[in-house]
Structure formats: structure tokens, C-alpha cells
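Undergrad: The following file, protein-v1.txt, comprises compact mmCIF, C-alpha atoms and all ligand atoms:
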# COMPACT_ATOMS: atom_id res chain seq x y z
CA MET A 1 78.44 -155.07 -51.76
CA GLU A 2 78.41 -152.94 -54.92
CA SER A 3 77.73 -149.22 -54.40
CA LYS A 4 74.69 -147.71 -56.14
CA GLN A 5 75.38 -146.49 -59.69
CA PRO A 6 74.77 -142.76 -60.05
CA SER A 7 72.32 -141.82 -62.81
CA PRO A 8 73.11 -138.93 -65.20
CA ILE A 9 70.60 -136.78 -63.22
CA ASP A 10 72.40 -137.63 -59.94
CA LEU A 11 75.66 -136.60 -61.60
CA LEU A 12 74.19 -133.39 -62.96
CA VAL A 13 73.04 -132.42 -59.48
CA GLU A 14 76.30 -133.51 -57.83
CA ALA A 15 78.43 -131.60 -60.36
CA HIS A 16 76.34 -128.41 -60.14
CA ALA A 17 75.28 -128.16 -56.47
CA GLY A 18 78.60 -126.58 -55.47
CA LEU A 19 78.73 -124.12 -58.39
CA GLU A 20 77.72 -120.49 -58.23
CA ARG A 21 75.84 -120.81 -61.53
CA GLN A 22 74.28 -123.89 -63.14
CA GLY A 23 74.33 -122.33 -66.62
CA PRO A 24 75.80 -119.36 -68.49
CA GLY A 25 75.21 -116.03 -66.73
CA CYS A 26 76.82 -113.55 -64.34
CA ALA A 27 76.07 -110.80 -61.85
CA GLU A 28 76.83 -107.97 -64.31
CA GLU A 29 74.33 -109.25 -66.89
CA THR A 30 71.67 -109.89 -64.23
CA GLY A 31 72.20 -106.27 -63.16
CA ARG A 32 72.04 -105.08 -66.76
CA ALA A 33 68.65 -106.77 -67.19
CA LEU A 34 67.34 -105.36 -63.87
CA ALA A 35 68.12 -101.85 -65.09
CA PHE A 36 65.29 -102.18 -67.67
CA LEU A 37 62.62 -102.68 -65.02
CA GLY A 38 61.96 -99.10 -63.97
CA ASP A 39 61.39 -98.40 -60.28
CA LEU A 40 62.54 -101.58 -58.51
CA ASP A 41 60.93 -100.40 -55.25
CA LEU A 42 57.55 -101.10 -56.86
CA ILE A 43 58.36 -104.82 -57.10
CA ALA A 44 56.83 -106.40 -54.01
CA ASN A 45 56.62 -110.03 -55.15
CA ALA A 46 59.08 -111.72 -57.49
CA ALA A 47 59.69 -115.33 -58.51
CA ASP A 48 62.90 -116.81 -59.93
CA LEU A 49 61.97 -119.96 -61.86
CA GLY A 50 64.60 -122.67 -62.38
CA CYS A 51 66.69 -120.82 -59.80
CA GLY A 52 69.33 -123.54 -59.32
CA THR A 53 71.41 -122.73 -56.24
CA GLY A 54 70.13 -119.17 -56.48
CA ALA A 55 73.07 -116.81 -57.17
CA GLN A 56 70.77 -114.57 -59.21
CA THR A 57 67.88 -115.03 -56.74
CA LEU A 58 70.04 -113.52 -53.99
CA LEU A 59 71.17 -110.77 -56.34
CA LEU A 60 67.54 -109.89 -57.06
CA ALA A 61 66.94 -109.70 -53.31
CA GLN A 62 69.86 -107.26 -52.97
CA HIS A 63 68.28 -104.94 -55.55
CA LEU A 64 64.63 -105.30 -54.52
CA LYS A 65 62.90 -104.41 -51.27
CA GLY A 66 60.22 -107.03 -51.84
CA SER A 67 60.27 -110.80 -51.48
CA VAL A 68 61.65 -113.34 -53.93
CA VAL A 69 60.65 -117.00 -54.22
CA GLY A 70 63.20 -119.21 -56.01
CA LEU A 71 61.75 -122.39 -57.48
CA ASP A 72 63.64 -125.39 -58.82
CA LEU A 73 63.05 -129.09 -59.49
CA PHE A 74 66.02 -130.25 -57.42
CA PRO A 75 65.89 -130.14 -53.59
CA ALA A 76 69.72 -130.12 -53.38
CA PHE A 77 69.83 -126.79 -55.27
CA VAL A 78 66.96 -125.28 -53.27
CA ASP A 79 68.70 -126.27 -49.99
CA VAL A 80 71.80 -124.30 -51.06
CA LEU A 81 69.67 -121.22 -51.81
CA ASN A 82 67.87 -121.42 -48.45
CA GLY A 83 71.17 -121.90 -46.60
CA GLN A 84 72.70 -118.85 -48.29
CA ALA A 85 69.58 -116.75 -47.70
CA CYS A 86 70.01 -117.49 -43.96
CA GLU A 87 73.74 -116.69 -44.07
CA GLN A 88 73.10 -113.39 -45.83
CA GLY A 89 70.34 -112.44 -43.40
CA VAL A 90 67.60 -112.26 -46.07
CA ALA A 91 65.63 -115.40 -45.21
CA ASP A 92 62.65 -113.21 -44.28
CA ARG A 93 62.43 -112.12 -47.96
CA VAL A 94 63.99 -114.99 -49.91
CA ARG A 95 62.57 -118.50 -49.94
CA GLY A 96 63.55 -121.46 -52.08
CA VAL A 97 60.85 -124.00 -52.92
CA VAL A 98 60.93 -127.29 -54.79
CA GLY A 99 58.54 -127.29 -57.73
CA SER A 100 58.12 -127.29 -61.46
CA MET A 101 58.02 -124.26 -63.74
CA ASP A 102 54.96 -125.69 -65.51
CA ASP A 103 52.93 -126.12 -62.31
CA LEU A 104 53.48 -122.95 -60.30
CA PRO A 105 52.43 -122.68 -56.64
CA PHE A 106 51.51 -118.96 -56.88
CA GLN A 107 48.15 -117.20 -56.92
CA ARG A 108 47.12 -115.87 -60.29
CA GLU A 109 48.00 -112.21 -60.95
CA SER A 110 50.07 -112.04 -57.73
CA LEU A 111 53.62 -111.40 -59.04
CA ASP A 112 55.30 -108.15 -60.11
CA LEU A 113 58.26 -109.94 -61.68
CA ILE A 114 59.05 -113.39 -63.06
CA TRP A 115 62.78 -113.99 -63.52
CA SER A 116 64.31 -117.08 -65.10
CA GLU A 117 67.90 -117.54 -66.24
CA GLY A 118 68.77 -120.53 -68.39
CA ALA A 119 65.65 -122.53 -67.60
CA ILE A 120 62.60 -121.61 -69.71
CA ASP A 121 63.71 -123.70 -72.70
CA ASN A 122 63.13 -126.80 -70.55
CA ILE A 123 59.39 -126.25 -70.96
CA GLY A 124 59.52 -124.20 -74.19
CA PHE A 125 59.99 -120.43 -74.58
CA GLU A 126 56.50 -119.62 -75.85
CA LYS A 127 54.70 -122.19 -73.70
CA GLY A 128 56.47 -120.92 -70.58
CA LEU A 129 55.82 -117.25 -71.31
CA ALA A 130 52.14 -117.90 -72.06
CA TYR A 131 51.63 -119.94 -68.87
CA TRP A 132 53.62 -117.60 -66.60
CA ARG A 133 51.72 -114.52 -67.81
CA GLY A 134 48.69 -115.64 -65.79
CA PHE A 135 50.69 -115.27 -62.56
CA LEU A 136 51.81 -111.68 -63.29
CA LYS A 137 49.93 -108.59 -62.30
CA GLN A 138 48.98 -106.20 -65.11
CA GLY A 139 52.19 -104.27 -65.94
CA GLY A 140 54.36 -106.95 -64.30
CA TYR A 141 57.68 -107.86 -65.91
CA VAL A 142 59.15 -111.07 -67.25
CA ALA A 143 62.94 -111.45 -67.70
CA VAL A 144 64.35 -114.71 -69.07
CA THR A 145 67.49 -115.97 -70.74
CA CYS A 146 67.13 -118.54 -73.48
CA PRO A 147 69.63 -120.13 -75.88
CA SER A 148 69.03 -118.58 -79.31
CA TRP A 149 70.42 -118.46 -82.83
CA LEU A 150 72.54 -115.34 -83.37
CA THR A 151 73.11 -115.83 -87.12
CA ASP A 152 71.10 -117.09 -90.09
CA GLU A 153 73.56 -119.96 -90.48
CA ARG A 154 72.44 -122.82 -88.23
CA PRO A 155 75.00 -125.64 -88.02
CA ALA A 156 73.20 -128.99 -87.90
CA VAL A 157 75.49 -130.28 -85.17
CA ILE A 158 74.34 -127.49 -82.86
CA GLU A 159 70.69 -127.99 -83.75
CA ARG A 160 71.07 -131.70 -82.90
CA PHE A 161 72.92 -131.00 -79.63
CA TRP A 162 70.14 -128.78 -78.28
CA THR A 163 67.36 -131.06 -79.53
CA ASP A 164 69.03 -134.02 -77.80
CA ALA A 165 69.20 -131.89 -74.65
CA GLY A 166 65.39 -131.44 -74.84
CA SER A 167 65.58 -127.85 -75.99
CA ARG A 168 65.46 -125.91 -79.27
CA LEU A 169 66.95 -122.73 -80.59
CA ASP A 170 65.00 -119.98 -82.32
CA SER A 171 66.21 -116.65 -83.67
CA VAL A 172 66.08 -113.56 -81.47
CA ALA A 173 63.50 -112.01 -83.83
CA SER A 174 61.15 -115.01 -83.62
CA ASN A 175 61.48 -115.17 -79.84
CA ILE A 176 60.57 -111.48 -79.60
CA GLU A 177 57.53 -112.18 -81.80
CA ALA A 178 56.59 -115.10 -79.54
CA LEU A 179 56.89 -112.86 -76.47
CA GLN A 180 54.56 -110.32 -78.07
CA ARG A 181 52.11 -113.06 -79.16
CA CYS A 182 51.93 -114.18 -75.52
CA GLY A 183 50.62 -110.75 -74.45
CA TYR A 184 53.75 -108.89 -73.42
CA GLN A 185 55.06 -105.53 -74.56
CA PHE A 186 58.65 -106.05 -75.71
CA VAL A 187 61.11 -104.21 -73.41
CA ALA A 188 64.62 -105.34 -74.41
CA ALA A 189 66.79 -108.21 -75.62
CA PHE A 190 70.56 -108.60 -75.44
CA ALA A 191 73.01 -111.46 -75.82
CA LEU A 192 75.19 -112.59 -72.90
CA PRO A 193 78.93 -112.15 -73.47
CA GLU A 194 81.21 -115.13 -74.01
CA THR A 195 82.67 -114.85 -70.47
CA CYS A 196 79.25 -115.84 -69.09
CA TRP A 197 79.82 -119.26 -70.70
CA THR A 198 83.57 -119.65 -70.18
CA ASP A 199 84.81 -117.97 -66.98
CA GLU A 200 81.47 -118.02 -65.17
CA TYR A 201 80.29 -121.52 -66.06
CA PHE A 202 82.52 -123.88 -68.07
CA THR A 203 85.67 -123.26 -66.01
CA PRO A 204 84.12 -123.95 -62.58
CA ARG A 205 82.12 -126.84 -64.07
CA GLU A 206 85.30 -128.46 -65.40
CA ALA A 207 86.74 -128.43 -61.86
CA ALA A 208 83.55 -130.14 -60.63
CA LEU A 209 83.85 -132.75 -63.43
CA GLU A 210 87.43 -133.49 -62.35
CA GLY A 211 86.02 -134.05 -58.87
CA LEU A 212 83.46 -136.56 -60.20
CA LEU A 213 86.20 -138.49 -62.02
CA ARG A 214 88.16 -138.68 -58.75
CA ASN A 215 85.08 -139.71 -56.73
CA TYR A 216 84.03 -142.48 -59.15
CA PRO A 217 87.25 -143.95 -60.58
CA GLY A 218 86.63 -146.12 -63.64
CA ASN A 219 82.86 -145.57 -63.59
CA GLU A 220 81.57 -145.62 -67.18
CA THR A 221 78.43 -143.57 -66.47
CA VAL A 222 80.59 -140.84 -64.96
CA GLU A 223 83.07 -140.97 -67.84
CA ALA A 224 80.23 -140.65 -70.37
CA PHE A 225 78.69 -137.76 -68.40
CA VAL A 226 82.03 -135.92 -68.29
CA ALA A 227 82.62 -136.57 -72.02
CA ASP A 228 79.16 -135.12 -72.86
CA ASN A 229 79.88 -131.99 -70.84
CA ARG A 230 83.29 -131.55 -72.47
CA HIS A 231 81.71 -132.06 -75.90
CA GLU A 232 79.39 -129.12 -75.14
CA VAL A 233 82.45 -126.93 -74.44
CA GLU A 234 84.14 -128.02 -77.70
CA LEU A 235 80.99 -127.25 -79.68
CA TYR A 236 80.72 -123.84 -78.06
CA GLN A 237 84.35 -123.01 -78.87
CA GLU A 238 83.85 -123.97 -82.50
CA TYR A 239 80.38 -122.53 -83.19
CA LYS A 240 79.88 -119.74 -80.62
CA GLN A 241 79.39 -117.07 -83.26
CA HIS A 242 76.13 -118.78 -84.28
CA TYR A 243 74.33 -119.14 -80.93
CA GLY A 244 74.26 -117.85 -77.40
CA TYR A 245 72.07 -117.05 -74.44
CA VAL A 246 69.90 -114.00 -74.93
CA PHE A 247 68.11 -112.04 -72.20
CA TYR A 248 64.51 -111.22 -73.17
CA LEU A 249 62.48 -108.72 -71.16
CA GLY A 250 58.77 -108.07 -71.52
CA ARG A 251 55.94 -106.34 -69.68
CA LYS A 252 52.45 -107.81 -69.31
CA ARG A 253 49.97 -105.89 -71.45
N1 LIG B 301 69.00 -120.09 -63.00
C1 LIG B 301 70.18 -120.82 -62.60
C2 LIG B 301 71.41 -120.14 -63.17
O1 LIG B 301 71.26 -119.30 -64.07
O2 LIG B 301 72.52 -120.45 -62.72
C3 LIG B 301 70.12 -122.27 -63.06
C4 LIG B 301 70.15 -122.46 -64.56
S1 LIG B 301 70.24 -124.18 -65.05
C5 LIG B 301 70.81 -124.01 -66.70
C6 LIG B 301 68.54 -124.62 -65.29
C7 LIG B 301 67.79 -124.85 -63.99
O3 LIG B 301 66.43 -125.13 -64.28
C8 LIG B 301 68.32 -126.04 -63.20
O4 LIG B 301 68.56 -125.64 -61.88
C9 LIG B 301 67.20 -127.07 -63.28
O5 LIG B 301 67.10 -127.87 -62.13
C10 LIG B 301 65.99 -126.17 -63.44
N2 LIG B 301 64.83 -126.81 -64.08
C11 LIG B 301 64.81 -127.53 -65.22
N3 LIG B 301 63.54 -127.91 -65.51
C12 LIG B 301 62.77 -127.40 -64.52
C13 LIG B 301 61.37 -127.43 -64.26
N4 LIG B 301 60.51 -128.06 -65.07
N5 LIG B 301 60.92 -126.80 -63.16
C14 LIG B 301 61.77 -126.16 -62.31
N6 LIG B 301 63.09 -126.09 -62.51
C15 LIG B 301 63.59 -126.70 -63.61
Mind converting the file's structure to C-alpha cells?
TA:
Amino acid sequence: MESKQPSPIDLLVEAHAGLERQGPGCAEETGRALAFLGDLDLIANAADLGCGTGAQTLLLAQHLKGSVVGLDLFPAFVDVLNGQACEQGVADRVRGVVGSMDDLPFQRESLDLIWSEGAIDNIGFEKGLAYWRGFLKQGGYVAVTCPSWLTDERPAVIERFWTDAGSRLDSVASNIEALQRCGYQFVAAFALPETCWTDEYFTPREAALEGLLRNYPGNETVEAFVADNRHEVELYQEYKQHYGYVFYLGRKR
């Protein structure tokens, strides 16, 4: 009997479930963003949207005294977060839930902080910020990373890559304007360093891709998935001066 063909989504989950991060980012930059939030002891309720396996969710819990809910579409990622929260003895304050960023399970005006690394562009930067604002208390913070143009030159091949991935890039200035339009006071914005892409994400992901090729020898879907991922790395190496992930922080007015 033939074994079931994995879909690209199955492969995405399989390749990423064992990684620390599912996109560019790192502990230092998460910490750098947290430093803009004033007195962290005042944050009682936080949410980490598109948390993946939750490396940054657990980091938030280390810095905050309050509780953190990590939310992601994929149960396999949420299971990793909940397992690690148990192992680290923080399961009383950290909970992973399966859900969608555009249909949040929180009460309105109940959160002090909404965090989201590498995920908001899946529903749109401005749309996400506008919708999420309703769940923040007055004075609550939002902190998100989003792929953005870093130069005025915008290579068409990069534009096409992100559009095909269901996302879009805007300049840092227009994202800051969007944040302000959505009813936030602008707090800070800074670009993630190259190591967040390479050492923290692409290198461990490449090892996972090698694993997929071993697990599914000769499988064309797997080969195409691996080729797409490697193409992303090649594009980044060639065009990285033009785009990158930027952390945006705002405070609900
Ligand atoms: N925040 C993690 C990190 O920085 O390592 C994961 C980032 S990964 C690039 C994007 C995450 O967003 C994935 O875990 C994906 O499953 C999740 N995601 C995408 N669309 C989503 C949606 N509509 N609702 C919830 N999670 C979503």
C-alpha cells in the first residue's frame, strides 16, 4: 500500500516543529524589544500570537510575573510550547492554545501586552494591529516583527517572493504610519540583525530539510518544498540589504 503523500503544510510543520524558532528572531532581540515596555511587573496578561513552538513565549514568561497565552494555528507547535512550559515549571502562567490571530479567544480590553514575532503579515500588518487593539487595555503595548523594505530600491524578485508567500513588504516609515493610524502611540522600531536569519533560523532549518530528504527519499513534493526553502536563503543572501524583519512597538492610545 502506498504511504500518504505529505502536503506542503505537513512538511512545513514537520520541518519546523523541532526548531527553536520558526522564523527569523533571537533571544537578544526579544529582550531588546522588552526593554521598551517600561515596568514589566505591571504586565499581568500577555498574549503571543503566532507563537510557533514558543521560544519567545517562554522568554516573555521569564521576564514577566504575569501570565502569557501563546496562540498558533498548528497543534503540533502548541504541544511543544505546552510541554516546555511544564518542563520549565511555568505551566501555571504559560498556556499554549490552538487558534487564529484573526479570531482571538480573549475578552475585549483584557490584555496588557500583545506580542507577535514573524506572524502578523499572515493577516496583514494594519489589519492585524487594528483588530488586536480591541483586546488591549488602554495603555497596553503591542510588539510585532514584520518583514519590511529597508531601502527605497525594491527588487521585483523579492516583491514577488513575498507576494507568493501570501505576504507583502512595506517600508518602515509606512508601517509606523499604519501603527499610528490604528490608534497606537509609536514607541520604537528596529531591524533584526542578519544573524537572526542565518544562525538562528536558516542554519537549523537546513538541518531539518536534510532530515526531510532522508525521511522521504525520491519524493517530489519534499524535493520541491526543500528547493523553495533553499531559494529563500539564496534570495536573502543576494538581496538582504533591501529587506529584513523589523520590530515595531506601540502603545494603545
Ligand atoms: N513566533 C514564532 C517565532 O518567531 O519563531 C513563529 C514565527 S513563524 C514565521 C509564523 C507563525 O505564525 C507560525 O507558527 C504559524 O503557524 C503562525 N500562523 C500563521 N498564520 C496564523 C494565523 N492566522 N493564526 C495563528 N497563527 C498563525
Undergrad: Excluding same-chain residues fewer than 4 positions from range 113-129 of chain A, what lies within 6 Å of it counting only C-alpha atoms, as a PyMOL selection string?
TA: chain A and resi 46-50+140-146+167+178
Undergrad: Record the distance separating CA of Pro24 in chain A and CA of Tyr245 in chain A, expressed in Å with one decimal.
TA: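 Rounded to one decimal, the two atoms are 7.4 Å apart.
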Undergrad: Nearest to ligand LIG 301 (chain B): which of A:Ala173, A:Val68, A:Ala15, A:Leu73 is it, counting all atoms listed in the file?
TA: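 For ligand LIG 301 (chain B), the nearest of the given residues is A:Leu73.
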Undergrad: For ligand LIG 301 (chain B), I'd like the enclosing box, axis-aligned and padded by 8 Å on every side, reported as lines of an AutoDock Vina configuration file with centre and edge lengths in Å to one decimal.
TA:
center_x = 66.5
center_y = -123.7
center_z = -64.3
size_x = 28.0
size_y = 24.8
size_z = 20.8
Undergrad: Could you check the closest approach to ligand LIG 301 (chain B) for each of A:Asn45, A:Thr151, A:Thr53, A:Gln5 and tell me which residue wins, using all atoms listed in the file?
TA: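 Distance minimum relative to ligand LIG 301 (chain B) lands on A:Thr53.
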Undergrad: Could you jot down the CA of Thr57 in chain A to CA of Gly70 in chain A separation for me, Å, one decimal place?
TA: 6.3 Å
Undergrad: Quick one: distance from CA of Thr221 in chain A to CA of Tyr239 in chain A in Å, one decimal?
TA: 26.9 Å
Undergrad: Which of these residues is nearest to Gly139 in chain A, using only C-alpha atoms: A:Ile43, A:Cys86, A:Ala188, A:Leu213?
TA: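 For Gly139 in chain A, the nearest of the candidates is A:Ile43.
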Undergrad: Between A:Leu81, A:Leu12, A:Trp132, A:Leu37, single out the one closest to Val94 in chain A, counting all atoms listed in the file.
TA: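 The closest residue to Val94 in chain A is A:Leu81.
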Undergrad: With all atoms listed in the file as the basis for distance, which of A:Leu60, A:Met101, A:Ala191, A:Ile158 is at the shortest distance from Gly31 in chain A?
TA: A:Leu60
Undergrad: Between A:Asp228, A:Glu87, A:Ser7, A:Asp72, which has the minimum distance to Pro105 in chain A (counting all atoms listed in the file)?
TA: A:Asp72
Undergrad: Within 9 Å of Val80 in chain A, counting all atoms listed in the file, which residues qualify if same-chain residues fewer than 6 places away don't, as a list in words?
TA: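 The contact residues come out as Ala17, Gly18, Gly52, Thr53, Gly54 and Gly96 of chain A.
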Undergrad: Take the residues from that selection and write them out as an mmCIF file, keeping the file's coordinate frame, keeping C-alpha atoms.
TA:
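File written: result-v1.cif
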data_model
loop_
_atom_site.group_PDB
_atom_site.id
_atom_site.type_symbol
_atom_site.label_atom_id
_atom_site.label_comp_id
_atom_site.auth_asym_id
_atom_site.auth_seq_id
_atom_site.Cartn_x
_atom_site.Cartn_y
_atom_site.Cartn_z
ATOM 1 C CA ALA A 17 75.280 -128.160 -56.470
ATOM 2 C CA GLY A 18 78.600 -126.580 -55.470
ATOM 3 C CA GLY A 52 69.330 -123.540 -59.320
ATOM 4 C CA THR A 53 71.410 -122.730 -56.240
ATOM 5 C CA GLY A 54 70.130 -119.170 -56.480
ATOM 6 C CA GLY A 96 63.550 -121.460 -52.080
#
Undergrad: Output range 65-91 of chain A as an mmCIF file, keeping the file's coordinate frame, making sure N, CA and C atoms are there.
TA:
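Written file, part39.cif:
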data_model
loop_
_atom_site.group_PDB
_atom_site.id
_atom_site.type_symbol
_atom_site.label_atom_id
_atom_site.label_comp_id
_atom_site.auth_asym_id
_atom_site.auth_seq_id
_atom_site.Cartn_x
_atom_site.Cartn_y
_atom_site.Cartn_z
ATOM 1 N N LYS A 65 63.305 -104.452 -52.688
ATOM 2 C CA LYS A 65 62.900 -104.410 -51.270
ATOM 3 C C LYS A 65 61.895 -105.514 -50.975
ATOM 4 N N GLY A 66 61.268 -106.039 -52.023
ATOM 5 C CA GLY A 66 60.220 -107.030 -51.840
ATOM 6 C C GLY A 66 60.764 -108.441 -51.646
ATOM 7 N N SER A 67 59.863 -109.409 -51.705
ATOM 8 C CA SER A 67 60.270 -110.800 -51.480
ATOM 9 C C SER A 67 60.469 -111.550 -52.802
ATOM 10 N N VAL A 68 61.334 -112.557 -52.740
ATOM 11 C CA VAL A 68 61.650 -113.340 -53.930
ATOM 12 C C VAL A 68 61.523 -114.828 -53.583
ATOM 13 N N VAL A 69 60.739 -115.545 -54.372
ATOM 14 C CA VAL A 69 60.650 -117.000 -54.220
ATOM 15 C C VAL A 69 61.453 -117.630 -55.360
ATOM 16 N N GLY A 70 62.451 -118.446 -55.010
ATOM 17 C CA GLY A 70 63.200 -119.210 -56.010
ATOM 18 C C GLY A 70 62.593 -120.603 -56.095
ATOM 19 N N LEU A 71 62.383 -121.074 -57.311
ATOM 20 C CA LEU A 71 61.750 -122.390 -57.480
ATOM 21 C C LEU A 71 62.618 -123.259 -58.383
ATOM 22 N N ASP A 72 62.859 -124.479 -57.985
ATOM 23 C CA ASP A 72 63.640 -125.390 -58.820
ATOM 24 C C ASP A 72 63.172 -126.824 -58.571
ATOM 25 N N LEU A 73 63.420 -127.665 -59.581
ATOM 26 C CA LEU A 73 63.050 -129.090 -59.490
ATOM 27 C C LEU A 73 63.848 -129.825 -58.424
ATOM 28 N N PHE A 74 65.127 -129.408 -58.217
ATOM 29 C CA PHE A 74 66.020 -130.250 -57.420
ATOM 30 C C PHE A 74 66.192 -129.742 -55.991
ATOM 31 N N PRO A 75 65.778 -130.559 -54.995
ATOM 32 C CA PRO A 75 65.890 -130.140 -53.590
ATOM 33 C C PRO A 75 67.318 -129.759 -53.196
ATOM 34 N N ALA A 76 68.325 -130.427 -53.768
ATOM 35 C CA ALA A 76 69.720 -130.120 -53.380
ATOM 36 C C ALA A 76 70.073 -128.682 -53.739
ATOM 37 N N PHE A 77 69.562 -128.179 -54.867
ATOM 38 C CA PHE A 77 69.830 -126.790 -55.270
ATOM 39 C C PHE A 77 69.066 -125.822 -54.345
ATOM 40 N N VAL A 78 67.807 -126.153 -54.092
ATOM 41 C CA VAL A 78 66.960 -125.280 -53.270
ATOM 42 C C VAL A 78 67.529 -125.186 -51.846
ATOM 43 N N ASP A 79 68.095 -126.285 -51.343
ATOM 44 C CA ASP A 79 68.700 -126.270 -49.990
ATOM 45 C C ASP A 79 69.867 -125.280 -49.947
ATOM 46 N N VAL A 80 70.670 -125.242 -51.028
ATOM 47 C CA VAL A 80 71.800 -124.300 -51.060
ATOM 48 C C VAL A 80 71.264 -122.868 -50.994
ATOM 49 N N LEU A 81 70.243 -122.581 -51.810
ATOM 50 C CA LEU A 81 69.670 -121.220 -51.810
ATOM 51 C C LEU A 81 69.177 -120.857 -50.407
ATOM 52 N N ASN A 82 68.425 -121.756 -49.770
ATOM 53 C CA ASN A 82 67.870 -121.420 -48.450
ATOM 54 C C ASN A 82 68.980 -121.229 -47.414
ATOM 55 N N GLY A 83 70.041 -122.040 -47.515
ATOM 56 C CA GLY A 83 71.170 -121.900 -46.600
ATOM 57 C C GLY A 83 71.842 -120.535 -46.778
ATOM 58 N N GLN A 84 72.019 -120.124 -48.035
ATOM 59 C CA GLN A 84 72.700 -118.850 -48.290
ATOM 60 C C GLN A 84 71.813 -117.661 -47.920
ATOM 61 N N ALA A 85 70.503 -117.831 -48.101
ATOM 62 C CA ALA A 85 69.580 -116.750 -47.700
ATOM 63 C C ALA A 85 69.691 -116.526 -46.187
ATOM 64 N N CYS A 86 69.825 -117.603 -45.428
ATOM 65 C CA CYS A 86 70.010 -117.490 -43.960
ATOM 66 C C CYS A 86 71.333 -116.789 -43.669
ATOM 67 N N GLU A 87 72.405 -117.281 -44.325
ATOM 68 C CA GLU A 87 73.740 -116.690 -44.070
ATOM 69 C C GLU A 87 73.780 -115.208 -44.378
ATOM 70 N N GLN A 88 73.070 -114.801 -45.427
ATOM 71 C CA GLN A 88 73.100 -113.390 -45.830
ATOM 72 C C GLN A 88 72.055 -112.550 -45.110
ATOM 73 N N GLY A 89 71.307 -113.184 -44.205
ATOM 74 C CA GLY A 89 70.340 -112.440 -43.400
ATOM 75 C C GLY A 89 69.118 -111.964 -44.178
ATOM 76 N N VAL A 90 68.768 -112.680 -45.282
ATOM 77 C CA VAL A 90 67.600 -112.260 -46.070
ATOM 78 C C VAL A 90 66.513 -113.334 -46.112
ATOM 79 N N ALA A 91 66.588 -114.289 -45.173
ATOM 80 C CA ALA A 91 65.630 -115.400 -45.210
ATOM 81 C C ALA A 91 64.189 -114.941 -44.985
#
